[in-house]
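Content type compact mmCIF, C-alpha atoms and all ligand atoms, from the file start-v1.txt:
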# COMPACT_ATOMS: atom_id res chain seq x y z
CA MET A 1 -9.52 12.48 21.56
CA THR A 2 -10.67 10.40 18.63
CA LYS A 3 -9.07 7.07 18.09
CA LEU A 4 -8.48 5.40 14.77
CA MET A 5 -9.47 1.80 14.11
CA ILE A 6 -8.35 -0.07 11.02
CA ARG A 7 -10.39 -3.21 10.62
CA ASN A 8 -11.06 -5.99 8.15
CA VAL A 9 -7.35 -6.46 7.48
CA ASN A 10 -4.91 -9.37 7.51
CA ILE A 11 -2.12 -8.15 9.72
CA VAL A 12 1.47 -9.11 8.92
CA THR A 13 2.91 -7.92 12.21
CA MET A 14 6.64 -8.63 11.74
CA ASN A 15 6.86 -8.93 15.51
CA LYS A 16 9.36 -11.30 17.11
CA ASP A 17 7.20 -14.35 16.41
CA LYS A 18 6.22 -13.11 12.94
CA GLU A 19 2.57 -13.42 13.87
CA ILE A 20 -0.10 -13.02 11.25
CA ILE A 21 -3.57 -12.02 12.42
CA GLU A 22 -6.21 -12.76 9.81
CA ASP A 23 -9.36 -10.65 9.83
CA GLY A 24 -7.79 -8.43 12.44
CA PHE A 25 -7.98 -4.85 13.60
CA VAL A 26 -5.60 -2.27 14.97
CA ILE A 27 -6.30 0.70 17.18
CA ILE A 28 -4.22 3.84 17.00
CA GLU A 29 -4.31 6.60 19.57
CA ARG A 30 -2.44 9.79 18.77
CA ASP A 31 0.83 8.56 17.21
CA SER A 32 0.95 5.02 18.63
CA ILE A 33 -0.50 1.54 18.29
CA THR A 34 -2.53 0.78 21.41
CA TYR A 35 -4.33 -2.44 20.54
CA ILE A 36 -4.14 -5.26 18.03
CA GLY A 37 -6.95 -7.76 17.88
CA SER A 38 -8.96 -10.19 15.86
CA SER A 39 -12.46 -9.33 14.61
CA ASN A 40 -14.03 -12.41 16.14
CA GLU A 41 -12.97 -11.28 19.61
CA THR A 42 -15.84 -9.91 21.63
CA ASN A 43 -14.49 -6.99 23.54
CA GLU A 44 -14.97 -3.33 24.25
CA HIS A 45 -13.22 -2.36 20.99
CA ASN A 46 -15.69 -4.14 18.80
CA VAL A 47 -18.72 -2.55 20.40
CA SER A 48 -17.40 0.96 21.02
CA ASN A 49 -18.25 3.62 18.47
CA ASP A 50 -15.63 5.92 19.80
CA TYR A 51 -13.48 5.43 16.71
CA ASN A 52 -12.80 6.79 13.27
CA ILE A 53 -12.97 3.57 11.33
CA ILE A 54 -11.07 2.61 8.20
CA ASP A 55 -12.29 -0.50 6.42
CA GLY A 56 -9.27 -2.38 5.09
CA LYS A 57 -11.46 -4.43 2.72
CA GLY A 58 -9.53 -7.61 3.37
CA GLY A 59 -6.19 -6.09 2.41
CA ILE A 60 -2.80 -6.81 3.98
CA LEU A 61 -1.83 -4.47 6.79
CA MET A 62 1.95 -4.46 7.10
CA PRO A 63 4.50 -2.26 8.86
CA GLY A 64 5.52 0.81 6.88
CA MET A 65 8.49 -0.04 4.69
CA ILE A 66 11.88 1.50 5.37
CA ASN A 67 14.11 2.83 2.63
CA THR A 68 17.49 2.67 4.34
CA HIS A 69 19.49 4.51 1.69
CA THR A 70 18.66 7.21 -0.79
CA HIS A 71 19.44 10.69 -2.05
CA ALA A 72 15.86 11.78 -2.60
CA SER A 73 16.48 15.09 -4.35
CA MET A 74 18.37 13.39 -7.17
CA ILE A 75 14.93 12.55 -8.51
CA ALA A 76 15.31 15.81 -10.45
CA PHE A 77 17.91 13.98 -12.58
CA ARG A 78 16.10 10.66 -12.95
CA SER A 79 16.52 8.96 -16.34
CA LEU A 80 19.55 11.03 -17.33
CA ALA A 81 22.66 9.23 -18.58
CA ASP A 82 21.78 5.86 -17.13
CA ASP A 83 24.37 4.00 -19.18
CA VAL A 84 27.40 6.31 -18.96
CA GLN A 85 30.74 4.74 -17.97
CA ASP A 86 32.32 6.05 -14.71
CA ARG A 87 29.14 7.97 -14.18
CA LEU A 88 29.68 9.20 -10.61
CA THR A 89 32.87 11.16 -11.27
CA LYS A 90 32.38 12.00 -14.94
CA TYR A 91 28.73 12.91 -14.91
CA ILE A 92 26.98 13.10 -11.55
CA PHE A 93 29.45 15.19 -9.54
CA PRO A 94 29.84 17.83 -12.33
CA LEU A 95 26.08 17.96 -12.92
CA GLU A 96 25.43 18.40 -9.22
CA ASN A 97 27.99 21.15 -8.89
CA ILE A 98 26.19 23.19 -11.53
CA MET A 99 22.59 22.36 -10.75
CA VAL A 100 22.14 21.59 -7.07
CA ASP A 101 20.89 24.43 -4.92
CA GLU A 102 18.46 24.73 -2.03
CA LYS A 103 15.45 24.93 -4.34
CA LEU A 104 16.34 21.77 -6.24
CA VAL A 105 17.00 19.86 -3.02
CA TYR A 106 13.71 20.98 -1.50
CA SER A 107 11.55 20.44 -4.60
CA GLY A 108 13.24 17.15 -5.41
CA ALA A 109 12.81 15.89 -1.86
CA ARG A 110 9.12 16.81 -1.91
CA TYR A 111 8.49 14.93 -5.11
CA ALA A 112 10.54 11.95 -3.94
CA ILE A 113 8.58 11.83 -0.68
CA CYS A 114 5.35 11.67 -2.74
CA GLU A 115 6.72 8.63 -4.54
CA MET A 116 7.90 7.01 -1.32
CA LEU A 117 4.60 7.53 0.49
CA LEU A 118 2.57 6.31 -2.47
CA GLY A 119 4.83 3.24 -2.57
CA GLY A 120 4.36 2.45 1.14
CA VAL A 121 7.63 3.83 2.50
CA THR A 122 7.11 5.42 5.91
CA THR A 123 10.75 6.03 6.86
CA PHE A 124 13.70 6.94 4.66
CA CYS A 125 17.39 7.39 5.33
CA ASN A 126 18.87 10.09 3.14
CA SER A 127 22.18 11.79 2.56
CA TYR A 128 22.72 14.79 0.35
CA TYR A 129 23.72 18.44 0.19
CA PHE A 130 21.55 21.16 1.79
CA GLU A 131 20.09 18.44 3.99
CA ASP A 132 18.13 21.03 5.94
CA GLU A 133 15.89 21.38 2.88
CA VAL A 134 15.22 17.64 2.92
CA ALA A 135 14.38 17.86 6.61
CA LYS A 136 11.96 20.72 5.98
CA ALA A 137 10.26 18.78 3.19
CA ALA A 138 10.04 15.59 5.28
CA LYS A 139 8.67 17.43 8.31
CA GLU A 140 6.09 19.32 6.27
CA MET A 141 4.96 16.11 4.61
CA SER A 142 5.01 14.17 7.91
CA ILE A 143 7.23 11.26 6.88
CA ARG A 144 9.80 9.77 9.25
CA ALA A 145 13.43 10.22 8.20
CA VAL A 146 17.07 9.80 9.18
CA LEU A 147 18.89 12.58 7.33
CA GLY A 148 22.63 13.08 6.98
CA GLU A 149 24.43 16.13 5.64
CA THR A 150 27.06 15.12 3.08
CA VAL A 151 30.75 15.78 3.71
CA VAL A 152 33.25 15.59 0.83
CA ASN A 153 36.85 16.60 0.17
CA PHE A 154 35.95 18.85 -2.76
CA VAL A 155 33.98 21.99 -3.43
CA ALA A 156 30.33 20.94 -3.42
CA PRO A 157 26.97 22.62 -4.03
CA ASP A 158 26.69 23.69 -0.39
CA ALA A 159 30.43 23.91 0.36
CA LYS A 160 32.67 26.64 -1.08
CA GLU A 161 35.60 24.84 0.52
CA PRO A 162 36.23 21.11 0.91
CA TYR A 163 34.73 19.72 4.12
CA GLU A 164 32.43 22.66 4.76
CA GLY A 165 29.78 19.98 5.16
CA LEU A 166 31.19 19.35 8.64
CA LYS A 167 30.13 22.83 9.78
CA TYR A 168 26.78 22.59 8.00
CA ALA A 169 26.24 19.19 9.63
CA GLU A 170 26.76 20.53 13.12
CA ARG A 171 24.28 23.38 12.62
CA PHE A 172 21.85 20.94 11.01
CA ILE A 173 22.15 18.41 13.84
CA GLU A 174 21.66 21.08 16.51
CA LYS A 175 18.55 22.34 14.70
CA TRP A 176 16.79 18.98 14.32
CA LYS A 177 17.99 16.94 17.31
CA GLY A 178 15.02 15.75 19.36
CA ASP A 179 12.44 16.10 16.60
CA ASP A 180 9.80 13.36 16.71
CA LEU A 181 10.08 12.52 12.99
CA ILE A 182 13.52 13.67 11.89
CA THR A 183 16.76 12.10 13.14
CA PRO A 184 19.64 14.30 11.97
CA ALA A 185 22.94 12.65 11.06
CA ILE A 186 26.27 13.28 9.40
CA ALA A 187 27.17 11.62 6.12
CA PRO A 188 30.78 11.58 4.97
CA HIS A 189 30.15 10.49 1.37
CA ALA A 190 32.63 7.60 1.26
CA PRO A 191 36.09 6.64 2.55
CA TYR A 192 37.68 7.70 -0.77
CA THR A 193 36.07 11.18 -0.77
CA ASN A 194 37.24 12.04 2.75
CA ASP A 195 40.68 12.07 4.36
CA SER A 196 41.16 9.93 7.43
CA ASN A 197 41.45 12.87 9.85
CA LYS A 198 38.18 14.30 8.52
CA LEU A 199 36.45 10.95 8.88
CA ILE A 200 37.56 10.91 12.50
CA GLU A 201 36.30 14.49 12.89
CA ALA A 202 32.91 13.51 11.44
CA TYR A 203 32.80 10.55 13.79
CA SER A 204 33.62 12.76 16.80
CA LEU A 205 30.83 15.12 15.80
CA ALA A 206 28.39 12.21 15.54
CA ARG A 207 29.43 10.96 18.97
CA LYS A 208 29.29 14.42 20.54
CA HIS A 209 25.66 14.77 19.45
CA ASP A 210 24.78 11.07 19.65
CA VAL A 211 23.56 10.87 16.06
CA PRO A 212 24.15 8.33 13.28
CA ILE A 213 26.94 8.46 10.75
CA ILE A 214 25.94 7.42 7.23
CA MET A 215 28.47 6.39 4.59
CA HIS A 216 28.84 4.55 1.29
CA VAL A 217 31.28 1.73 1.99
CA ALA A 218 32.90 -0.92 -0.22
CA GLU A 219 30.73 0.02 -3.16
CA MET A 220 33.33 0.78 -5.84
CA ASP A 221 36.01 -1.48 -7.29
CA TYR A 222 38.54 1.39 -7.23
CA GLU A 223 37.84 1.87 -3.54
CA GLN A 224 38.90 -1.69 -2.82
CA LYS A 225 42.07 -1.21 -4.91
CA LYS A 226 42.99 2.07 -3.22
CA TYR A 227 42.95 0.67 0.33
CA ALA A 228 44.70 -2.51 -0.73
CA GLU A 229 47.53 -0.49 -2.32
CA GLU A 230 47.84 2.24 0.30
CA TYR A 231 47.19 0.30 3.51
CA ASN A 232 47.03 -3.36 2.55
CA MET A 233 43.52 -3.30 3.96
CA THR A 234 39.94 -3.61 2.80
CA PRO A 235 37.78 -0.47 3.04
CA VAL A 236 36.05 -1.97 6.10
CA GLN A 237 39.37 -2.75 7.79
CA TYR A 238 40.54 0.79 7.01
CA LEU A 239 37.45 2.37 8.60
CA ASP A 240 37.83 0.05 11.58
CA SER A 241 41.47 1.09 11.96
CA LEU A 242 40.25 4.69 12.31
CA GLY A 243 37.97 3.57 15.13
CA ILE A 244 34.81 4.92 13.55
CA LEU A 245 32.72 1.78 13.15
CA ASP A 246 30.08 1.27 15.80
CA GLU A 247 26.37 0.63 16.28
CA ASN A 248 25.56 4.17 15.12
CA PHE A 249 27.29 3.64 11.79
CA ILE A 250 24.99 3.03 8.81
CA GLY A 251 26.93 1.60 5.87
CA ALA A 252 25.38 1.63 2.41
CA HIS A 253 26.18 -1.01 -0.22
CA LEU A 254 29.01 -3.05 1.41
CA ILE A 255 29.43 -5.07 -1.77
CA ASN A 256 33.13 -5.88 -1.71
CA VAL A 257 33.41 -7.37 1.77
CA SER A 258 35.24 -10.46 2.94
CA ASP A 259 34.22 -12.84 5.71
CA GLU A 260 36.72 -11.03 7.96
CA ASP A 261 35.01 -7.75 7.08
CA LEU A 262 31.67 -9.29 8.04
CA ASP A 263 33.18 -10.30 11.41
CA ILE A 264 34.18 -6.68 11.99
CA LEU A 265 30.82 -5.26 10.89
CA GLU A 266 28.93 -7.78 13.01
CA ASN A 267 31.07 -7.24 16.11
CA LYS A 268 30.74 -3.47 15.85
CA GLY A 269 26.97 -3.63 15.31
CA VAL A 270 27.11 -1.66 12.07
CA GLY A 271 23.78 -1.13 10.27
CA ILE A 272 23.76 -2.22 6.64
CA SER A 273 21.71 -0.92 3.74
CA HIS A 274 21.49 -3.36 0.84
CA ASN A 275 20.73 -1.63 -2.48
CA VAL A 276 20.20 -4.48 -4.88
CA GLY A 277 18.55 -2.47 -7.66
CA SER A 278 21.22 0.21 -7.75
CA ASN A 279 24.06 -2.31 -7.33
CA SER A 280 22.86 -4.40 -10.24
CA LYS A 281 22.05 -1.48 -12.55
CA GLY A 282 25.47 0.01 -11.86
CA ALA A 283 27.09 -3.40 -12.48
CA LYS A 284 28.88 -3.08 -9.15
CA GLY A 285 28.60 -6.60 -7.85
CA VAL A 286 26.56 -8.76 -5.55
CA ALA A 287 26.85 -8.06 -1.83
CA PRO A 288 27.08 -11.16 0.43
CA VAL A 289 23.64 -10.47 1.81
CA VAL A 290 22.78 -14.12 2.35
CA LYS A 291 25.70 -14.36 4.78
CA MET A 292 24.80 -11.05 6.40
CA PHE A 293 21.23 -12.18 6.99
CA LYS A 294 22.29 -15.59 8.34
CA ARG A 295 24.58 -13.86 10.82
CA GLY A 296 21.60 -11.82 12.05
CA MET A 297 23.25 -8.54 11.17
CA LYS A 298 21.32 -5.25 11.18
CA LEU A 299 20.24 -5.39 7.57
CA GLY A 300 17.70 -3.35 5.60
CA LEU A 301 16.87 -2.54 1.99
CA GLY A 302 17.51 0.71 0.17
CA THR A 303 16.87 2.12 -3.27
CA ASP A 304 19.87 4.43 -3.50
CA GLY A 305 19.27 7.76 -5.23
CA PRO A 306 16.70 7.92 -8.03
CA MET A 307 19.50 8.51 -10.52
CA SER A 308 21.07 5.18 -9.49
CA GLY A 309 18.10 2.95 -8.74
CA ASN A 310 15.42 5.01 -10.52
CA THR A 311 12.65 4.01 -8.12
CA LEU A 312 12.12 4.84 -4.47
CA ASP A 313 9.72 2.17 -3.29
CA ILE A 314 10.80 -0.89 -1.37
CA ILE A 315 8.27 -3.29 -2.93
CA THR A 316 10.32 -3.27 -6.15
CA GLN A 317 13.49 -3.89 -4.13
CA MET A 318 11.93 -6.84 -2.31
CA SER A 319 11.20 -8.63 -5.56
CA LEU A 320 14.70 -7.88 -6.90
CA VAL A 321 16.37 -9.12 -3.72
CA GLY A 322 14.66 -12.47 -4.02
CA LYS A 323 15.29 -12.91 -7.71
CA ILE A 324 18.88 -11.66 -7.93
CA HIS A 325 20.21 -13.54 -4.91
CA LYS A 326 18.47 -16.78 -5.85
CA LEU A 327 19.90 -16.52 -9.34
CA TYR A 328 23.37 -15.49 -8.24
CA ASN A 329 23.56 -18.37 -5.75
CA MET A 330 21.78 -20.76 -8.13
CA ASP A 331 19.61 -21.74 -5.19
CA ARG A 332 15.90 -21.07 -5.14
CA THR A 333 15.60 -21.98 -1.45
CA ILE A 334 17.52 -18.98 -0.16
CA PHE A 335 15.68 -15.89 1.03
CA PRO A 336 12.15 -17.17 1.59
CA ALA A 337 9.77 -14.22 1.18
CA ILE A 338 9.32 -13.85 4.95
CA GLU A 339 13.02 -12.97 5.29
CA ILE A 340 12.76 -10.39 2.55
CA VAL A 341 9.77 -8.72 4.21
CA GLU A 342 11.83 -8.72 7.40
CA MET A 343 14.64 -6.78 5.69
CA ALA A 344 12.10 -4.34 4.23
CA THR A 345 10.56 -3.55 7.61
CA ILE A 346 12.00 -4.40 11.03
CA GLY A 347 15.44 -5.17 9.56
CA GLY A 348 15.62 -1.67 8.10
CA ALA A 349 14.52 -0.24 11.44
CA ARG A 350 17.31 -2.16 13.17
CA ALA A 351 19.86 -0.91 10.65
CA LEU A 352 18.80 2.66 11.44
CA ASN A 353 18.56 2.00 15.21
CA ILE A 354 14.90 2.95 15.30
CA ASP A 355 13.47 -0.54 15.86
CA ASN A 356 12.12 0.53 19.24
CA VAL A 357 9.98 3.08 17.36
CA THR A 358 8.95 1.51 14.06
CA GLY A 359 9.38 -1.50 11.76
CA SER A 360 6.64 -3.77 13.13
CA ILE A 361 3.00 -3.65 14.12
CA GLU A 362 3.16 -4.01 17.90
CA VAL A 363 1.44 -2.29 20.78
CA GLY A 364 3.56 0.60 22.01
CA LYS A 365 5.24 1.27 18.70
CA LYS A 366 4.55 4.32 16.59
CA ALA A 367 1.75 3.81 14.09
CA ASP A 368 3.71 3.50 10.83
CA MET A 369 1.76 1.10 8.61
CA VAL A 370 0.55 0.36 5.14
CA ILE A 371 -2.39 -1.46 3.58
CA ILE A 372 -1.62 -3.40 0.42
CA GLU A 373 -4.97 -3.96 -1.26
CA THR A 374 -5.77 -7.42 -2.53
CA GLU A 375 -8.54 -6.59 -4.97
CA SER A 376 -6.38 -5.82 -8.01
CA VAL A 377 -5.90 -8.44 -10.67
CA ASN A 378 -2.26 -9.09 -9.75
CA MET A 379 -3.02 -9.84 -6.09
CA CYS A 380 -5.10 -13.00 -6.43
CA PRO A 381 -4.97 -15.68 -5.19
CA ILE A 382 -3.04 -15.39 -1.92
CA TYR A 383 -1.91 -18.54 -0.14
CA ASP A 384 1.11 -16.90 1.46
CA TYR A 385 1.03 -13.23 2.52
CA TYR A 386 4.80 -12.85 2.36
CA SER A 387 4.98 -14.24 -1.15
CA ALA A 388 2.15 -11.92 -2.22
CA LEU A 389 4.01 -8.91 -0.80
CA VAL A 390 7.37 -9.82 -2.35
CA TYR A 391 6.42 -11.30 -5.72
CA SER A 392 2.81 -10.35 -6.55
CA ALA A 393 2.58 -6.78 -5.27
CA ASN A 394 3.75 -3.61 -6.92
CA PRO A 395 3.68 -0.03 -5.58
CA SER A 396 0.30 0.63 -7.21
CA ASN A 397 -1.27 -1.79 -4.73
CA VAL A 398 -0.52 0.57 -1.83
CA GLU A 399 -3.94 1.64 -0.62
CA LEU A 400 -3.36 3.37 2.70
CA VAL A 401 -0.29 4.78 4.44
CA ILE A 402 -0.08 5.96 8.03
CA VAL A 403 3.00 7.59 9.55
CA ASN A 404 3.18 8.42 13.24
CA GLY A 405 -0.57 7.92 13.52
CA GLU A 406 -1.38 10.29 10.67
CA VAL A 407 -3.11 9.05 7.50
CA LEU A 408 -1.05 10.36 4.57
CA VAL A 409 -2.27 8.14 1.72
CA LYS A 410 -5.87 7.01 1.41
CA ASP A 411 -7.51 5.25 -1.55
CA LYS A 412 -4.08 5.33 -3.22
CA LYS A 413 -3.93 9.14 -3.11
CA LEU A 414 -1.90 11.59 -1.08
CA ILE A 415 -4.35 13.36 1.15
CA LYS A 416 -2.13 15.92 2.82
CA ASN A 417 -0.13 17.07 -0.19
CA ASP A 418 -0.96 18.06 -3.74
CA LEU A 419 1.00 15.78 -6.07
CA MET A 420 0.35 17.90 -9.17
CA GLU A 421 1.58 21.07 -7.51
CA ILE A 422 4.73 19.32 -6.29
CA LYS A 423 5.31 17.74 -9.69
CA ASN A 424 4.96 21.07 -11.49
CA GLU A 425 7.44 22.63 -9.09
CA LEU A 426 9.94 19.89 -9.94
CA LEU A 427 9.36 20.21 -13.67
CA GLN A 428 10.21 23.92 -13.61
CA MET A 429 13.85 22.82 -13.47
CA LYS A 430 13.71 20.31 -16.28
CA ASP A 431 14.75 22.55 -19.20
CA LYS A 432 17.79 23.88 -17.36
CA ILE A 433 18.83 20.38 -16.28
CA LEU A 434 18.54 19.14 -19.84
CA GLU A 435 20.59 22.04 -21.18
CA VAL A 436 23.35 21.52 -18.60
CA SER A 437 23.39 17.77 -19.11
CA LYS A 438 24.06 18.20 -22.82
CA ARG A 439 27.27 20.08 -22.02
CA LEU A 440 28.68 17.31 -19.84
ZN ZN B 501 24.08 6.27 -2.38
When written as structure tokens, how does the structure in this file appear?
Amino acid sequence: MTKLMIRNVNIVTMNKDKEIIEDGFVIIERDSITYIGSSNETNEHNVSNDYNIIDGKGGILMPGMINTHTHASMIAFRSLADDVQDRLTKYIFPLENIMVDEKLVYSGARYAICEMLLGGVTTFCNSYYFEDEVAKAAKEMSIRAVLGETVVNFVAPDAKEPYEGLKYAERFIEKWKGDDLITPAIAPHAPYTNDSNKLIEAYSLARKHDVPIIMHVAEMDYEQKKYAEEYNMTPVQYLDSLGILDENFIGAHLINVSDEDLDILENKGVGISHNVGSNSKGAKGVAPVVKMFKRGMKLGLGTDGPMSGNTLDIITQMSLVGKIHKLYNMDRTIFPAIEIVEMATIGGARALNIDNVTGSIEVGKKADMVIIETESVNMCPIYDYYSALVYSANPSNVELVIVNGEVLVKDKKLIKNDLMEIKNELLQMKDKILEVSKRL
């Protein structure tokens, strides 16, 4: 069995002590990291020729980044109607009901996975319709994913009746449970698109199969108003009153949350996906992420769907997180780059409850890692690796990507999949999408 050695790299481990190993090497056997060392060590690894060797050329080896919230297939609609008022209900839902089918979900997911891999994302958390198609695409392309079938209280692309997503979700979960790359989940879209009894039903299903529940929470201003008027509660308090918040709950956005809400989320161990790019573009507000991070909550970064955030890489989000929260708080000392890299990697893994598997470069963990090259003009000089990753780097600096021990991107190119073929497949739908969008 051939082993893989990546050498001549500066390793940003994101382990508990946030160790950095300069001029280091990593050994991967099958799907796991088995050794991490420094090149000046004299040991069996440095003299053995039993390895396939990748020369990292002095680049930064970091854990694969984790996109904790997206709707990958919506990439088919990217750049449509960015500036429309009340876009979700007036534009997106009607467009989806006409256009979304299995083919669009599959082709869109494939293209989106290309973008994620090329941008250094090794795990993504997704919720959409026909989630089985996303799972197929992810499995074929060998990326790690937590995938939730959407449940809504209206007729949807894969539901002739409201809430049919519940049945789809159970079949989907049974099919994918136990897969080494895919974690199936259930994704009630939001509190306001599901009745309370159906939210409880979705929760029971998640508990029965021991899978995550993914939901948009406290994202919309009307959501806050609705629960204040109907229950005199915040959305978080409302969900807590239903008994559905726990450590398997992954909440996306959580913008409109009070300190009391944070107490609840922290006590229940809820995972949080912070989507700064989407939140700011949608003018939705600034989530209290500084407080969340200080409390040590399970906090990762997400892009949201490509119709909302328009990009799928986490490097762009890292830079935005730093800049927007510093500006909003008028305090340049908050969120040092090391904390932002933490949210992009091990923090995201904690939010998705897969931190025992991925999120850091440590012996025993799965080999999910990325090399950010440092030869490009924008990457020099480097005095601080975290700063370089957050503020100097962009997705085009991603040189190498390994997921579960398999090299998927090398020399900045996908090596297992044909980007042009996947792109052409996506573009076959463009004319129809354009025609439908003009009628909305
Ligand atoms: Zn979303």
From A:Tyr203, A:Tyr51, A:Tyr168, A:Tyr91, residue lying nearest Phe130 in chain A [all atoms listed in the file]
A:Tyr168
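Contact shell of Gly347 in chain A at 8 Å (all atoms listed in the file; same-chain neighbours under 6 positions omitted): Lys298, Leu299, Gly300 and Gly359 of chain A.
Remark: for ligand ZN 501 (chain B), the closest of the candidate residues A:Ile244, A:Val276, A:Ile382, A:Ala349 is A:Val276 (distances computed over all atoms listed in the file).
The list of residues with at least one atom within 8 Å of range 334-338 of chain A, based on only C-alpha atoms and without residues fewer than 5 positions apart in the same chain, reads Val290, Gly322, His325, Lys326, Tyr386, Ser387 and Val390 of chain A.
Rounded to one decimal, CA of Leu205 in chain A and CA of Ile186 in chain A lie 8.1 Å from each other.
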Taking only C-alpha atoms and all ligand atoms into account, which residues are within 12 Å of ligand ZN 501 (chain B), as a ChimeraX atom specification?
/A:67-74,88,92,125-128,148,150,187-190,214-220,250-254,273-279,282,302-310
Specify the axis-aligned box that encloses all atoms of range 18-29 of chain A listed in the file after padding of 6 Å on each side, stating its centre and edge lengths in Å to one decimal as lines of an AutoDock Vina configuration file.
center_x = -1.6
center_y = -3.4
center_z = 14.7
size_x = 27.6
size_y = 32.0
size_z = 21.8
Selected residue of minimal separation from Arg144 in chain A among A:Asn404, A:Asn329, A:Asn417, A:Ser376, counting only C-alpha atoms:
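Nearest to Arg144 in chain A: A:Asn404.
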Using all atoms listed in the file, which protein or nucleic acid residues come within 8 Å of Thr122 in chain A? Drop anything in the same chain fewer than 2 positions from it, and give the result as a PyMOL selection string.
chain A and resi 64-66+116-117+120+124+143-144+368-369+401-403
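Closest approach to Gly364 in chain A from the set A:Asn49, A:Gly405, A:Asp411, A:Ala145 is made by A:Gly405, with distances taken over all atoms listed in the file.
The protein and nucleic acid residues lying at most 10 Å from Gly119 in chain A are Gly64, Met65, Ile113, Cys114, Glu115, Met116, Leu117, Val121, Thr122, Thr311, Leu312, Asp313, Ile314, Ile315, Thr316, Val370, Ile372, Asn394, Pro395, Ser396, Asn397, Val398, Glu399, Leu400, Val401, Val409 and Lys412 of chain A, with all atoms listed in the file considered and sequence neighbours fewer than 2 positions away removed.
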Quick check, in Å to one decimal: how far apart do CA of Lys291 in chain A and CA of Val146 in chain A lie?
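Atom-to-atom, CA of Lys291 in chain A to CA of Val146 in chain A, that is 26.0 Å.
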At a cut-off of 12 Å, using only C-alpha atoms, what residues contact Asn424 in chain A? Leave out same-chain residues fewer than 5 positions from it and give the result as a PyMOL selection string.
chain A and resi 76+107-108+110-111+418-419+429-430
Option closest in space to Met14 in chain A, from A:Val357, A:Ala344, A:Ala388, A:Leu242 [counting only C-alpha atoms]:
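Smallest distance to Met14 in chain A is found for A:Ala344.
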Polymer residues at most 10 Å from (-6.5, -1.2, 11.2) by only C-alpha atoms, as a list in words:
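Looking at atoms near the point gives Leu4, Met5, Ile6, Arg7, Asn8, Val9, Asn10, Ile11, Asp23, Gly24, Phe25, Val26, Ile27, Ile28, Ile33, Tyr35, Ile36, Gly37, Ile53, Ile54, Asp55, Gly56, Ile60, Leu61, Met62, Met369, Val370 and Ile371 of chain A.
CA of Pro94 in chain A lies 10.3 Å from CA of Arg439 in chain A.
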Selected residue of minimal separation from Glu131 in chain A among A:Leu352, A:Leu104, A:Val236, A:Val341, counting only C-alpha atoms
A:Leu104
